[in-house]
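> Quick one: structure below, then a few questions.
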Amino acid sequence: MKIKNAAIATAGLALAGVAVAGPALATGSSYTVAVGGSSAAGTHNITATSSGPLGFAVPTLTMGCTSAAVPASPVSTVASGTAITDIASINKINFTGCTGPGGALTVTTVGSWKLHATGAATSAATDVIAGHVDSITANVANAVCKFTVTGKANGTYNEGTKVLNVSETGFTGNLKVSNVVGCLGQVQNGQSANFTGSFNVVSPDGLINAS
Amino acid sequence: MTTTSRWRGRAAAAAAASALALVPVAAHAATIVTISYDASGTSHIAKTNSDVALGPTTLTTNLDIDTGDFTGSLPLPGTSTEFKAAGFLPVKADVDFVEAAPLVGRINLTQTQAQVASTATYYVKLSNIKIVGFPTFTGSSCRTKVPVSIPVGTKPNEGFDLINGGELVGTYSIGQFENCGANTWLINALVPGGGNTVDIQVSNGIVHE
């Protein structure tokens with residue numbers, strides 16, 4: 001009986017370990033990606049600007065930014081070619097006008113965010129492809145509150161309108177909060193987070209078409 | 001090992017365990033952030049139907065960023081007030097708010113707002129009282145018998161910006177005065193009472209690293 005209980009306890013610990021390990025591993029299907037009609041292997045610079053405000057939240061607080069932009073530097077790119085998983089690498093997003101309860105916040109992106117697709121895509125350049133922005137890390141801070149959000153955010157990319165719509169809602173656990181300092185007790189490590197916003201993607205080399 | 005040495009060993013182990021048990025678990029040190037603000041406002045004294053200027057001054061808060069609790073100070077410079085006793089006798093007095101205890105309060109984050117609730121505590125001191133322009137002997141120790149607690153906080157459904165500040169309001173009572181010489185009875189007839197209001201604008205928060 002003791003051995004059995006120990007095994008159960010061990011299994012419980014293992015499950016607990018999984019539970020605190022963070023968001024699921026990055027997932028995304030592979031696609032043939034053409035930019036400007038060419039699927040030759042390569043990378044193509046992109047920029048983006050938000051259309052309208054962006055929202056982010058944890059279950060206890062609602063925050064937002066008036067705008068955001070993927071700047072020309074550092075360079076963010078779309079990959080063209082076959083068997084592409086990391087369709088886009090977004091290496092910086094400048095968030096502006098960010099506020100939460102108590103006033104202004106700074107939001108700083110960390111590392112390279114990856115655009116992965118999971119939905120159906122055809123050779124037509126009008127698909128709205130489901131996917132997610134993966135490898136998200138963002139630091140949120142003001143004088144009394146600091147925390148990090150990591151994980152992925154669901155969304156879609158409209159090939160025709162060139163709009164990346166990020167819609168991670170419902171506190172699914174895809175995005176998680178960590179490294180909380182302060183926050184007057186209202187942000188907790190392990191909380192799920194939401195993130196919503198739309199970006200108009202600018203691709204100087206032409207339309208981005210995944211199939 | 002002899003019986004004696006075994007007992008010694010057990011005693012030593014027990015002592016060590018006791019010592020361990022007595023070592024307090026390290027408490028989580030509060031993370032305090034000091035923020036100072038410009039502050040100014042007015043207080044309306046209901047019974048005399050007069051206003052008293054508050055500030056301009058500096059509100060200093062020492063905020064525990066883990067809990068939202070804060071202590072601080074709001075020193076108020078001396079000011080003066082004028083009102084009519086019995087509806088027609090002009091009375092003028094210098095007013096000092098002497099801090100009697102640290103300002104205490106809490107910033108509570110709701111889903112969309114930061115709300116402040118705090119209490120400032122002062123002795124209200126009166127001096128240089130003139131009635132119909134004539135000085136009266138009041139002395140230098142004319143003040144409320146007990147400190148006046150002034151609760152101030154954000155209005156319902158109004159937020160407070162930790163840097164830009166906001167409006168803090170409250171209602172308080174003034175108790176009896178003492179040590180006002182021959183004027184004690186007059187002052188206690190004219191000033192103490194409830195329904196006094198305070199309205200303070202707080203702005204320009206500076207975080208002190």
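Labels for the structure tokens follow display order: chains A, B, ..., residues from 1 in each chain, ligands from 1.
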Write out as a list of chain:residue names which residues come within 7 Å of stretch 158-168 of chain B when counting only C-alpha atoms, dropping same-chain ones fewer than 5 positions away.
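Answer for this query is A:Gly102, A:Gly103, B:Gln113, B:Ala114, B:Gln115, B:Val116, B:Val152, B:Gly153, B:Asp199, B:Ile200, B:Gln201, B:Val202, B:Ser203, B:Asn204, B:Gly205, B:Ile206.
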> Could you write out the selected residues, including C-alpha atoms, as an mmCIF file, in the first residue's frame?

```
data_model
loop_
_atom_site.group_PDB
_atom_site.id
_atom_site.type_symbol
_atom_site.label_atom_id
_atom_site.label_comp_id
_atom_site.auth_asym_id
_atom_site.auth_seq_id
_atom_site.Cartn_x
_atom_site.Cartn_y
_atom_site.Cartn_z
ATOM 1 C CA GLY A 102 -3.069 53.247 -11.640
ATOM 2 C CA GLY A 103 -1.716 54.751 -14.824
ATOM 3 C CA GLN B 113 -8.935 51.586 -11.552
ATOM 4 C CA ALA B 114 -6.632 52.354 -8.667
ATOM 5 C CA GLN B 115 -8.668 53.547 -5.708
ATOM 6 C CA VAL B 116 -7.248 55.260 -2.658
ATOM 7 C CA VAL B 152 -9.645 61.030 2.316
ATOM 8 C CA GLY B 153 -9.931 58.896 -0.747
ATOM 9 C CA ASP B 199 -11.004 68.209 -1.280
ATOM 10 C CA ILE B 200 -7.362 67.774 -2.269
ATOM 11 C CA GLN B 201 -5.832 67.674 -5.721
ATOM 12 C CA VAL B 202 -2.769 65.455 -5.923
ATOM 13 C CA SER B 203 -0.467 65.677 -8.926
ATOM 14 C CA ASN B 204 3.047 65.346 -10.313
ATOM 15 C CA GLY B 205 4.047 62.106 -8.653
ATOM 16 C CA ILE B 206 7.778 61.528 -8.448
#
```
> From a backbone DSSP assignment, name each residue in chain A labelled strand (DSSP E), as a ChimeraX atom specification.
/A:31-35,42-50,54-58,61-65,67-70,76-84,88-90,94-96,99-100,103-104,106-109,113-117,128-142,145-158,163-168,175-182,194-202,208-210
> B:Val98, B:Ile65, B:Val146, B:Ile107: which is nearest chain A, counting only C-alpha atoms?
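Distance minimum relative to chain A lands on B:Ile65.
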> List as CSV every residue of chain A that is in contact with chain B, defined as an atom at most 8 Å from one of its atoms (using only C-alpha atoms), together with the nearest atom pair and the distance in Å rounded to one decimal, sorted by chain and then rising number.

```
residue,atom,partner,partner_atom,distance
A:Thr60,CA,B:Gln111,CA,5.4
A:Leu61,CA,B:Gln111,CA,4.2
A:Thr62,CA,B:Gln111,CA,5.6
A:Met63,CA,B:Thr112,CA,7.5
A:Gly100,CA,B:Thr112,CA,6.7
A:Pro101,CA,B:Gln113,CA,4.1
A:Gly102,CA,B:Asp161,CA,4.5
A:Gly103,CA,B:Asp161,CA,4.8
A:Ala143,CA,B:Val207,CA,7.1
A:Val144,CA,B:Ile65,CA,5.4
A:Cys145,CA,B:Ile65,CA,7.2
A:Val181,CA,B:Asp66,CA,7.4
A:Gly182,CA,B:Asp66,CA,4.3
A:Cys183,CA,B:Ile65,CA,6.0
A:Leu184,CA,B:Thr67,CA,4.5
A:Gly185,CA,B:Asp66,CA,5.2
A:Gln186,CA,B:Leu109,CA,6.7
```
> Restrict the selected residues to N, CA and C atoms and save them as an mmCIF file, in the first residue's frame.

```cif
data_model
loop_
_atom_site.group_PDB
_atom_site.id
_atom_site.type_symbol
_atom_site.label_atom_id
_atom_site.label_comp_id
_atom_site.auth_asym_id
_atom_site.auth_seq_id
_atom_site.Cartn_x
_atom_site.Cartn_y
_atom_site.Cartn_z
ATOM 1 N N THR A 60 -7.615 39.733 -13.088
ATOM 2 C CA THR A 60 -7.888 40.755 -12.084
ATOM 3 C C THR A 60 -7.696 42.182 -12.581
ATOM 4 N N LEU A 61 -7.042 42.365 -13.709
ATOM 5 C CA LEU A 61 -6.763 43.713 -14.199
ATOM 6 C C LEU A 61 -6.942 43.784 -15.704
ATOM 7 N N THR A 62 -7.440 44.915 -16.163
ATOM 8 C CA THR A 62 -7.549 45.152 -17.596
ATOM 9 C C THR A 62 -6.594 46.274 -17.977
ATOM 10 N N MET A 63 -5.814 46.028 -19.005
ATOM 11 C CA MET A 63 -4.822 47.003 -19.452
ATOM 12 C C MET A 63 -4.959 47.180 -20.963
ATOM 13 N N GLY A 100 -2.880 50.936 -17.349
ATOM 14 C CA GLY A 100 -3.632 49.957 -16.573
ATOM 15 C C GLY A 100 -4.175 50.672 -15.359
ATOM 16 N N PRO A 101 -4.830 49.968 -14.466
ATOM 17 C CA PRO A 101 -5.282 50.629 -13.245
ATOM 18 C C PRO A 101 -4.093 51.282 -12.530
ATOM 19 N N GLY A 102 -4.180 52.560 -12.288
ATOM 20 C CA GLY A 102 -3.069 53.247 -11.640
ATOM 21 C C GLY A 102 -2.202 54.024 -12.590
ATOM 22 N N GLY A 103 -2.437 53.882 -13.906
ATOM 23 C CA GLY A 103 -1.716 54.751 -14.824
ATOM 24 C C GLY A 103 -0.858 54.041 -15.841
ATOM 25 N N ALA A 143 6.024 51.874 -11.965
ATOM 26 C CA ALA A 143 6.773 52.093 -10.730
ATOM 27 C C ALA A 143 6.438 51.092 -9.633
ATOM 28 N N VAL A 144 5.256 50.524 -9.686
ATOM 29 C CA VAL A 144 4.833 49.668 -8.582
ATOM 30 C C VAL A 144 4.519 48.243 -9.021
ATOM 31 N N CYS A 145 4.773 47.939 -10.261
ATOM 32 C CA CYS A 145 4.337 46.636 -10.776
ATOM 33 C C CYS A 145 5.214 46.204 -11.943
ATOM 34 N N VAL A 181 6.521 41.307 -9.628
ATOM 35 C CA VAL A 181 7.081 42.115 -8.538
ATOM 36 C C VAL A 181 6.063 43.195 -8.216
ATOM 37 N N GLY A 182 5.618 43.218 -6.990
ATOM 38 C CA GLY A 182 4.683 44.264 -6.573
ATOM 39 C C GLY A 182 3.294 44.041 -7.147
ATOM 40 N N CYS A 183 2.804 45.064 -7.835
ATOM 41 C CA CYS A 183 1.465 45.027 -8.455
ATOM 42 C C CYS A 183 0.360 45.072 -7.403
ATOM 43 N N LEU A 184 0.708 45.497 -6.191
ATOM 44 C CA LEU A 184 -0.252 45.691 -5.112
ATOM 45 C C LEU A 184 -1.080 44.429 -4.867
ATOM 46 N N GLY A 185 -0.479 43.309 -5.152
ATOM 47 C CA GLY A 185 -1.144 42.030 -4.886
ATOM 48 C C GLY A 185 -2.171 41.628 -5.910
ATOM 49 N N GLN A 186 -2.298 42.390 -6.986
ATOM 50 C CA GLN A 186 -3.380 42.117 -7.930
ATOM 51 C C GLN A 186 -2.947 41.361 -9.171
#
```
> Between B:Ala117, B:Val169, B:Val95, B:Ala101, which residue has the minimum interatomic distance to B:Asp51, considering only C-alpha atoms?
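When distances to B:Asp51 are compared using only C-alpha atoms, the smallest one comes from B:Val95.
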> Give me the residues within 12 Å of A:Gly151 as a tab-separated table (two decimals) with N, CA and C atoms, in the first residue's frame, counting only C-alpha atoms and dropping any in the same chain fewer than 2 places off.

```tsv
chain	number	residue	atom	x	y	z
A	21	ALA	N	5.04	23.92	-15.81
A	21	ALA	CA	6.09	24.03	-16.82
A	21	ALA	C	5.81	25.13	-17.83
A	22	GLY	N	4.61	25.65	-17.84
A	22	GLY	CA	4.32	26.76	-18.72
A	22	GLY	C	3.50	26.34	-19.92
A	23	PRO	N	3.35	27.25	-20.87
A	23	PRO	CA	2.50	26.98	-22.02
A	23	PRO	C	3.01	25.79	-22.82
A	24	ALA	N	2.12	25.23	-23.61
A	24	ALA	CA	2.48	24.09	-24.44
A	24	ALA	C	3.58	24.48	-25.41
A	25	LEU	N	4.30	23.48	-25.86
A	25	LEU	CA	5.38	23.74	-26.81
A	25	LEU	C	4.81	24.38	-28.08
A	26	ALA	N	5.67	25.11	-28.75
A	26	ALA	CA	5.24	25.78	-29.99
A	26	ALA	C	4.76	24.75	-31.00
A	27	THR	N	3.69	25.08	-31.61
A	27	THR	CA	3.15	24.20	-32.64
A	27	THR	C	2.80	25.02	-33.85
A	110	VAL	N	10.38	40.91	-25.86
A	110	VAL	CA	11.69	40.26	-25.70
A	110	VAL	C	11.81	39.14	-26.74
A	113	TRP	N	9.33	36.89	-31.77
A	113	TRP	CA	8.01	36.26	-31.76
A	113	TRP	C	7.81	35.61	-33.12
A	114	LYS	N	7.25	34.43	-33.13
A	114	LYS	CA	7.08	33.68	-34.37
A	114	LYS	C	5.61	33.58	-34.75
A	132	HIS	N	-1.23	31.22	-34.69
A	132	HIS	CA	-0.94	31.90	-33.44
A	132	HIS	C	0.42	32.59	-33.51
A	133	VAL	N	0.54	33.59	-32.70
A	133	VAL	CA	1.85	34.21	-32.51
A	133	VAL	C	2.52	33.46	-31.36
A	134	ASP	N	3.63	32.88	-31.65
A	134	ASP	CA	4.29	31.99	-30.69
A	134	ASP	C	5.55	32.66	-30.12
A	135	SER	N	6.07	32.05	-29.10
A	135	SER	CA	7.32	32.51	-28.46
A	135	SER	C	7.20	33.93	-27.94
A	136	ILE	N	6.00	34.27	-27.52
A	136	ILE	CA	5.79	35.61	-26.96
A	136	ILE	C	6.48	35.75	-25.60
A	137	THR	N	7.25	36.78	-25.46
A	137	THR	CA	7.72	37.23	-24.15
A	137	THR	C	7.61	38.74	-24.12
A	138	ALA	N	6.91	39.25	-23.14
A	138	ALA	CA	6.77	40.71	-22.99
A	138	ALA	C	6.87	41.06	-21.52
A	148	THR	N	6.06	39.50	-16.30
A	148	THR	CA	6.38	39.01	-17.63
A	148	THR	C	5.25	38.14	-18.14
A	149	VAL	N	4.94	38.29	-19.39
A	149	VAL	CA	3.93	37.44	-20.03
A	149	VAL	C	4.65	36.60	-21.08
A	153	ALA	N	-0.38	33.45	-28.58
A	153	ALA	CA	-1.68	34.11	-28.70
A	153	ALA	C	-2.32	33.70	-30.02
A	154	ASN	N	-3.54	33.22	-29.93
A	154	ASN	CA	-4.25	32.80	-31.13
A	154	ASN	C	-4.58	34.00	-32.02
A	168	GLU	N	-6.28	36.52	-28.47
A	168	GLU	CA	-6.11	35.55	-27.39
A	168	GLU	C	-7.00	35.99	-26.24
A	171	PHE	N	-8.77	33.78	-21.29
A	171	PHE	CA	-7.78	33.31	-20.31
A	171	PHE	C	-7.56	31.79	-20.45
A	172	THR	N	-7.20	31.39	-21.66
A	172	THR	CA	-7.06	29.97	-21.97
A	172	THR	C	-5.85	29.33	-21.32
A	173	GLY	N	-4.89	30.16	-20.94
A	173	GLY	CA	-3.64	29.62	-20.43
A	173	GLY	C	-2.55	29.60	-21.47
A	174	ASN	N	-2.87	29.99	-22.70
A	174	ASN	CA	-1.82	30.09	-23.72
A	174	ASN	C	-0.77	31.12	-23.32
A	175	LEU	N	-1.21	32.17	-22.67
A	175	LEU	CA	-0.30	33.19	-22.16
A	175	LEU	C	-0.31	33.12	-20.64
A	176	LYS	N	0.86	33.16	-20.06
A	176	LYS	CA	0.96	33.04	-18.60
A	176	LYS	C	1.81	34.18	-18.03
A	177	VAL	N	1.48	34.54	-16.82
A	177	VAL	CA	2.20	35.60	-16.10
A	177	VAL	C	3.27	34.99	-15.20
A	178	SER	N	4.42	35.63	-15.17
A	178	SER	CA	5.50	35.19	-14.27
A	178	SER	C	6.31	36.40	-13.83
A	190	GLY	N	1.54	32.84	-12.58
A	190	GLY	CA	0.72	31.73	-13.03
A	190	GLY	C	-0.64	32.13	-13.58
A	191	GLN	N	-1.00	33.38	-13.42
A	191	GLN	CA	-2.27	33.82	-13.99
A	191	GLN	C	-2.23	33.70	-15.51
A	192	SER	N	-3.36	33.42	-16.10
A	192	SER	CA	-3.48	33.46	-17.56
A	192	SER	C	-3.66	34.90	-18.01
A	193	ALA	N	-3.32	35.16	-19.25
A	193	ALA	CA	-3.44	36.52	-19.78
A	193	ALA	C	-4.12	36.50	-21.14
A	194	ASN	N	-4.76	37.59	-21.45
A	194	ASN	CA	-5.36	37.82	-22.76
A	194	ASN	C	-4.55	38.85	-23.52
A	195	PHE	N	-4.64	38.80	-24.83
A	195	PHE	CA	-3.97	39.79	-25.67
A	195	PHE	C	-4.75	39.91	-26.97
```
